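Trainee: The following block contains the structure, expressed as structure tokens.
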Amino acid sequence: MTNIADLVGRILISALFLLNGIFKINNYDGTIGWMESFGMPGILLIPAIILEIVGPVLVIIGYKTKLAAGLLSLFCIATAVIFHNDFADQIQFTSFLKNIALAGGFLILFVNGAKDFSVDKKFKK
């Protein structure tokens, strides 16, 4: 059961980023405008999309899990601080906490890696 729970957990924590990466591609110009309204250069959208698509895929299949999870954890913290720092707005405060919680989940993966249902485990044998 532990291995199945690990795989399901990796899928669930990764789904948000994978879907958001695809959304950013489909709404590229709008996302650049939104980022720039926070003072962020629009060119940073490209690495964000790459991380939001490649990172979750790596976490789901369990390949380079610790690296991908570590990068996604840092990404969660950065986006929480940059984009969700208006604590007077309940939605923004909740989004901040969601990102911090996701960072914590990715930190657990960073420390422990993936279990048996992973490419990483297959390469260890």
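Identifiers in this document derive from the order of the structure tokens: chains are assigned A, B, ..., residues are numbered from 1 separately in each chain, and ligands are numbered from 1 in order of occurrence.
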Write out as a Markdown table the residues of stretch 61-80 of chain A that have any atom within 6 Å of an atom of stretch 92-113 of chain A, one row each with the nearest atom pair and its distance in Å to one decimal, counting only C-alpha atoms, sorted by chain and then rising number.

Mentor:
| residue | atom | partner | partner_atom | distance |
| --- | --- | --- | --- | --- |
| A:Thr65 | CA | A:Gly113 | CA | 5.7 |
| A:Lys66 | CA | A:Phe110 | CA | 4.2 |
| A:Ala69 | CA | A:Phe106 | CA | 4.9 |
| A:Gly70 | CA | A:Phe110 | CA | 5.3 |
| A:Ser73 | CA | A:Ala103 | CA | 4.1 |
| A:Cys76 | CA | A:Asn99 | CA | 5.1 |
| A:Ile77 | CA | A:Ile100 | CA | 6.0 |
| A:Ala80 | CA | A:Phe96 | CA | 4.8 |

Trainee: If I take atom CA of A:Val57 and atom CA of A:Ile43, how far is one from the other in Å, to one decimal?

Mentor: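 Here the two named atoms are 22.7 Å from each other.
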
Trainee: Give me, as a PyMOL selection string, all polymer residues having an atom no more than 8 Å from A:Asp120, counting only C-alpha atoms and skipping those fewer than 5 positions away in the same chain.

Mentor: chain A and resi 62-65+114

Trainee: Just want the 8 Å neighbourhood of A:Gly42, counted on only C-alpha atoms, with same-chain residues fewer than 3 positions away dropped. Output as a CSV table (one decimal) with C-alpha atoms, in the first residue's frame.

Mentor:
chain,number,residue,atom,x,y,z
A,32,ILE,CA,3.1,37.6,-19.5
A,33,GLY,CA,0.9,40.6,-18.8
A,35,MET,CA,3.6,38.6,-14.5
A,36,GLU,CA,4.7,42.0,-15.6
A,45,LEU,CA,7.5,32.7,-18.3

Trainee: How many Å separate atom CA of A:Pro56 from atom CA of A:Asp89?

Mentor: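 Atom CA of A:Pro56 sits 28.9 Å away from atom CA of A:Asp89.
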
Trainee: Take atom CA of A:Ile4 and atom CA of A:Phe75 and report the distance between them in Å, one decimal.

Mentor: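 We find that atom CA of A:Ile4 and atom CA of A:Phe75 lie 26.3 Å from each other.
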
Trainee: Using DSSP on the backbone coordinates, identify the residues of stretch 27-108 of chain A assigned to alpha helix (DSSP H); present them as JSON, numbers by chain.

Mentor: {"A": [28, 29, 30, 31, 32, 33, 34, 35, 36, 45, 46, 47, 48, 49, 50, 51, 52, 53, 54, 55, 56, 57, 58, 59, 60, 61, 65, 66, 67, 68, 69, 70, 71, 72, 73, 74, 75, 76, 77, 78, 79, 80, 81, 82, 83, 90, 91, 92, 93, 94, 95, 96, 97, 98, 99, 100, 101, 102, 103, 104, 105, 106, 107, 108]}

Trainee: What lies within 7 Å of A:Leu18 using only C-alpha atoms, ignoring chain neighbours under 2 positions off, as a ChimeraX atom specification?

Mentor: /A:14-16,20-22,52-53,56

Trainee: Of the residues A:Lys115, A:His84, A:Lys124, A:Lys24, which is the one nearest to A:Ile60, using only C-alpha atoms?

Mentor: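 Going through A:Lys115, A:His84, A:Lys124, A:Lys24 one by one, the smallest distance to A:Ile60 is for A:Lys115.
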
Trainee: Hey, which of A:Gln90, A:Ile61, A:Leu71, A:Gly30 ends up closest to A:Leu7? Count only C-alpha atoms.

Mentor: A:Ile61
